[in-house]
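What follows is a set of notes on a single structure, which appears directly below.
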Amino acid sequence: MKIKNKNNTIAYIILISIGIFMIYPLIWLFFASFKDNQELFGKLTLFPRQFSMSPYLRGFRGSGQFTYSTFYWNTLKLVVPTVVLTVLSTGVVAYGFARFRFPGKKLFFLLMISTLMLPDSVVVIPRYVAFNKFGWVDTYMPFWAPALLACYPFFIFMQIQFLRGIPKELDESAYIDGCSPLMVFIKVLFPLMKPAVFSVVIFQTLWRWNDYFNNLVYISSVKNFTLSLALKMSIDGQGSSTPWNQVLAMSFVSMIPPILLYFFAQKYFVEGITSGGVKG
């Protein structure tokens with residue numbers, strides 16, 4: 001019994017040490033947001049000389065006519081519809097591949113999976129040309145439209161694998177009770193897909209919330225800037241006298257929503273990832 005308790009203690013110490021090591025950059029970011037430039041670059045101490053909310057208050061006001069409340073709202077306008085549309089569209093496509101037989105199913109599945117091999121650098125120019133002709137540049141349509149049309153094969157594949165683990169007898173029972181295929185998906189399968197859905201929500205939220213490159217390509221006006229573009233603008237707008245504590249403060253604040261999302265949904269996220277393995 002003593003040996004078991006000793007082993008547990010050692011395991012906890014190792015895990016806690018690894019955990020502290022992994023979150024140390026976040027801890028440093030928080031404390032660095034209270035330091036001025038002289039203290040930030042002149043001392044190696046973790047804790048600041050004094051704690052003041054001034055960097056957060058000044059940073060939130062921004063460096064131009066728009067405050068960070070505008071950039072937060074823009075980010076939510078981009079991310080939330082994109083995530084919702086992704087969940088709905090990829091779920092329906094995954095349901096079709098996992099439960100139905102139709103001509104060319106294997107070919108379409110192969111084409112869908114093959115798009116995973118395409119790097120973004122290959123498709124960014126054709127996408128920009130197409131979206132520009134549609135008049136979607138400097139709007140959020142370049143993010144909403146692909147989500148509506150299920151242009152995320154990774155999410156489709158992950159949900160297909162999850163659906164294959166759900167017995168088809170549930171579908172048959174629902175058909176006997178008079179449900180249509182759409183109602184089977186809405187009332188029977190979709191509630192059971194909660195772990196996979198949460199995985200899609202977390203992945204897509206993190207990707208879109210932290211995305212800088214695509215936002216830079218498709219969004220040009222400051223009034224439509226997201227947080228990632230606003231942070232870069234805060235650095236460029238100040239030149240050599242950049243108040244880094246304000247930039248770090250806004251960086252820390254911008255990280256809070258995705259961290260909270262993962263914290264509260266990690267149970268379903270882990271279950272969705274482990275259940276999404278390849279099944280026979």
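Please note that chains go A, B, ... in the order of the structure tokens, that every chain numbers its residues from 1, and that ligands are numbered from 1 in the order shown.
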
Pull the closest atom pair for each residue of stretch 159-272 of chain A that gets at most 12 Å from stretch 4-27 of chain A, along with the distance in Å to one decimal, counting only C-alpha atoms, ordering rows by chain and then ascending residue number, as JSON lines.
```
{"residue": "A:Leu248", "atom": "CA", "partner": "A:Leu26", "partner_atom": "CA", "distance": 10.6}
{"residue": "A:Ala249", "atom": "CA", "partner": "A:Leu26", "partner_atom": "CA", "distance": 11.4}
{"residue": "A:Ser251", "atom": "CA", "partner": "A:Leu26", "partner_atom": "CA", "distance": 10.2}
{"residue": "A:Phe252", "atom": "CA", "partner": "A:Leu26", "partner_atom": "CA", "distance": 7.9}
{"residue": "A:Val253", "atom": "CA", "partner": "A:Leu26", "partner_atom": "CA", "distance": 11.2}
{"residue": "A:Met255", "atom": "CA", "partner": "A:Leu26", "partner_atom": "CA", "distance": 9.4}
{"residue": "A:Ile256", "atom": "CA", "partner": "A:Leu26", "partner_atom": "CA", "distance": 10.7}
{"residue": "A:Ile259", "atom": "CA", "partner": "A:Leu26", "partner_atom": "CA", "distance": 10.8}
```

Atoms kept (C-alpha atoms) for selection, written as an mmCIF file, in the first residue's frame:
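Okay, this is what ended up in again_4.cif:
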```cif
data_model
loop_
_atom_site.group_PDB
_atom_site.id
_atom_site.type_symbol
_atom_site.label_atom_id
_atom_site.label_comp_id
_atom_site.auth_asym_id
_atom_site.auth_seq_id
_atom_site.Cartn_x
_atom_site.Cartn_y
_atom_site.Cartn_z
ATOM 1 C CA LEU A 248 0.629 41.892 -23.926
ATOM 2 C CA ALA A 249 -2.433 42.829 -21.875
ATOM 3 C CA SER A 251 -2.998 39.449 -26.014
ATOM 4 C CA PHE A 252 -3.841 37.923 -22.646
ATOM 5 C CA VAL A 253 -7.426 39.180 -22.760
ATOM 6 C CA MET A 255 -6.848 34.358 -25.128
ATOM 7 C CA ILE A 256 -9.472 34.104 -22.390
ATOM 8 C CA ILE A 259 -9.192 28.941 -22.986
#
```

Polymer residues at most 12 Å from A:Leu206, only C-alpha atoms, same-chain spacing of 3 or more positions, as a PyMOL selection string: chain A and resi 75+79-80+82-83+199-203+209-212+254-262

All helix (DSSP H, G or I) positions in stretch 36-271 of chain A, as a ChimeraX atom specification: /A:37-42,54-61,68-99,105-117,120-134,141-148,153-164,169-176,181-192,194-210,213-218,222-224,227-241,244-271

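Taking only C-alpha atoms, the non-local environment of stretch 97-108 of chain A within 7 Å (same-chain residues fewer than 3 positions away omitted) comprises Val93, Ala94, Leu111, Met112, Ile160, Leu163 and Arg164 of chain A.
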
Export all heavy atoms of the chosen residues as a CSV table (one decimal), in the first residue's frame?
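result_4.csv, written as the output of this step:
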```
chain,number,residue,atom,x,y,z
A,93,VAL,N,-23.2,16.2,-44.0
A,93,VAL,CA,-22.4,15.5,-45.0
A,93,VAL,C,-21.9,14.2,-44.4
A,93,VAL,O,-21.9,13.1,-45.1
A,93,VAL,CB,-21.2,16.4,-45.5
A,93,VAL,CG1,-20.3,15.6,-46.4
A,93,VAL,CG2,-21.8,17.6,-46.2
A,94,ALA,N,-21.4,14.2,-43.2
A,94,ALA,CA,-20.9,13.0,-42.5
A,94,ALA,C,-22.0,12.0,-42.4
A,94,ALA,O,-21.8,10.8,-42.6
A,94,ALA,CB,-20.3,13.4,-41.2
A,111,LEU,N,-12.4,11.9,-53.2
A,111,LEU,CA,-12.1,13.3,-53.5
A,111,LEU,C,-12.1,14.2,-52.3
A,111,LEU,O,-11.3,15.1,-52.1
A,111,LEU,CB,-13.1,13.7,-54.5
A,111,LEU,CG,-13.1,13.1,-55.9
A,111,LEU,CD1,-14.2,13.6,-56.8
A,111,LEU,CD2,-11.7,13.5,-56.6
A,112,MET,N,-13.1,13.9,-51.4
A,112,MET,CA,-13.1,14.7,-50.2
A,112,MET,C,-11.9,14.5,-49.3
A,112,MET,O,-11.3,15.5,-48.8
A,112,MET,CB,-14.4,14.3,-49.4
A,112,MET,CG,-14.7,15.1,-48.1
A,112,MET,SD,-13.9,14.5,-46.6
A,112,MET,CE,-14.9,12.9,-46.4
A,160,ILE,N,-17.7,11.1,-39.5
A,160,ILE,CA,-18.0,9.9,-40.1
A,160,ILE,C,-17.5,8.7,-39.3
A,160,ILE,O,-18.3,7.7,-39.0
A,160,ILE,CB,-17.4,9.8,-41.5
A,160,ILE,CG1,-18.1,10.7,-42.5
A,160,ILE,CG2,-17.4,8.3,-42.1
A,160,ILE,CD1,-17.4,10.8,-43.9
A,163,LEU,N,-19.8,8.4,-36.3
A,163,LEU,CA,-21.1,7.8,-36.6
A,163,LEU,C,-21.0,6.3,-36.9
A,163,LEU,O,-22.0,5.6,-36.6
A,163,LEU,CB,-21.7,8.5,-37.9
A,163,LEU,CG,-22.3,9.9,-37.6
A,163,LEU,CD1,-22.5,10.6,-39.0
A,163,LEU,CD2,-23.6,9.8,-36.8
A,164,ARG,N,-19.9,5.8,-37.4
A,164,ARG,CA,-19.8,4.4,-37.6
A,164,ARG,C,-19.8,3.6,-36.3
A,164,ARG,O,-20.0,2.4,-36.4
A,164,ARG,CB,-18.5,4.1,-38.4
A,164,ARG,CG,-18.5,4.6,-39.9
A,164,ARG,CD,-17.2,4.4,-40.6
A,164,ARG,NE,-17.3,4.7,-42.0
A,164,ARG,CZ,-16.2,4.8,-42.8
A,164,ARG,NH1,-15.0,4.5,-42.3
A,164,ARG,NH2,-16.4,5.1,-44.1
```

Residue neighbourhood A:Asn132, 9 Å, only C-alpha atoms, exclusion window fewer than 5 positions, as a list in words: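 Returned residues: Arg127, Val137 and Tyr218 of chain A.
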
Nearest-residue call for A:Gly59, choices A:Leu118, A:Val247, A:Met158, A:Ala265, using only C-alpha atoms: A:Val247

Atom CA of A:Ala147 to atom CA of A:Ser89, distance in Å rounded to a single decimal: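 Going from atom CA of A:Ala147 over to atom CA of A:Ser89, I get 7.1 Å.
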
Counting only C-alpha atoms, the residue of A:Lys267, A:Leu192, A:Ser234, A:Lys77 that sits nearest A:Gly165: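 The closest residue to A:Gly165 is A:Leu192.
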
Pairwise distance for atom CA of A:Gln266 and atom CA of A:Lys187, rounded to one decimal in Å: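 If I compute the distance from atom CA of A:Gln266 to atom CA of A:Lys187, I get 24.3 Å.
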
Stretch 240-244 of chain A surroundings by only C-alpha atoms, 8 Å radius, close-in-sequence under 5 positions cut, as a list in words: Ser33, Asp36, Asn37, Ser234 and Ile235 of chain A

Within 9 Å of A:Phe34 using only C-alpha atoms, minus same-chain residues under 5 positions, as an NGL selection string: :A and (40 or 47-56 or 245-246 or 248-249)

Same residues, C-alpha atoms, output as a compact mmCIF listing (two decimals), in the first residue's frame:
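part.txt, written as the output of this step:
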```
# COMPACT_ATOMS: atom_id res chain seq x y z
CA LEU A 40 10.19 44.23 -19.29
CA PHE A 47 6.82 39.41 -10.91
CA PRO A 48 6.39 43.13 -11.68
CA ARG A 49 7.29 45.91 -9.27
CA GLN A 50 3.65 46.88 -8.97
CA PHE A 51 0.27 45.75 -10.25
CA SER A 52 -1.78 48.32 -12.11
CA MET A 53 -4.77 47.98 -14.40
CA SER A 54 -3.52 50.90 -16.50
CA PRO A 55 -2.07 48.68 -19.30
CA TYR A 56 -5.43 46.91 -19.66
CA ASN A 245 2.56 46.00 -21.66
CA GLN A 246 -0.61 47.16 -23.41
CA LEU A 248 0.63 41.89 -23.93
CA ALA A 249 -2.43 42.83 -21.88
```

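The coordinates place atom CA of A:Phe71 at 11.4 Å from atom CA of A:Met233.
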
Polymer residues at most 9 Å from A:Met193, only C-alpha atoms, same-chain spacing of 6 or more positions, as a PyMOL selection string: chain A and resi 91+159+162-163+166+272
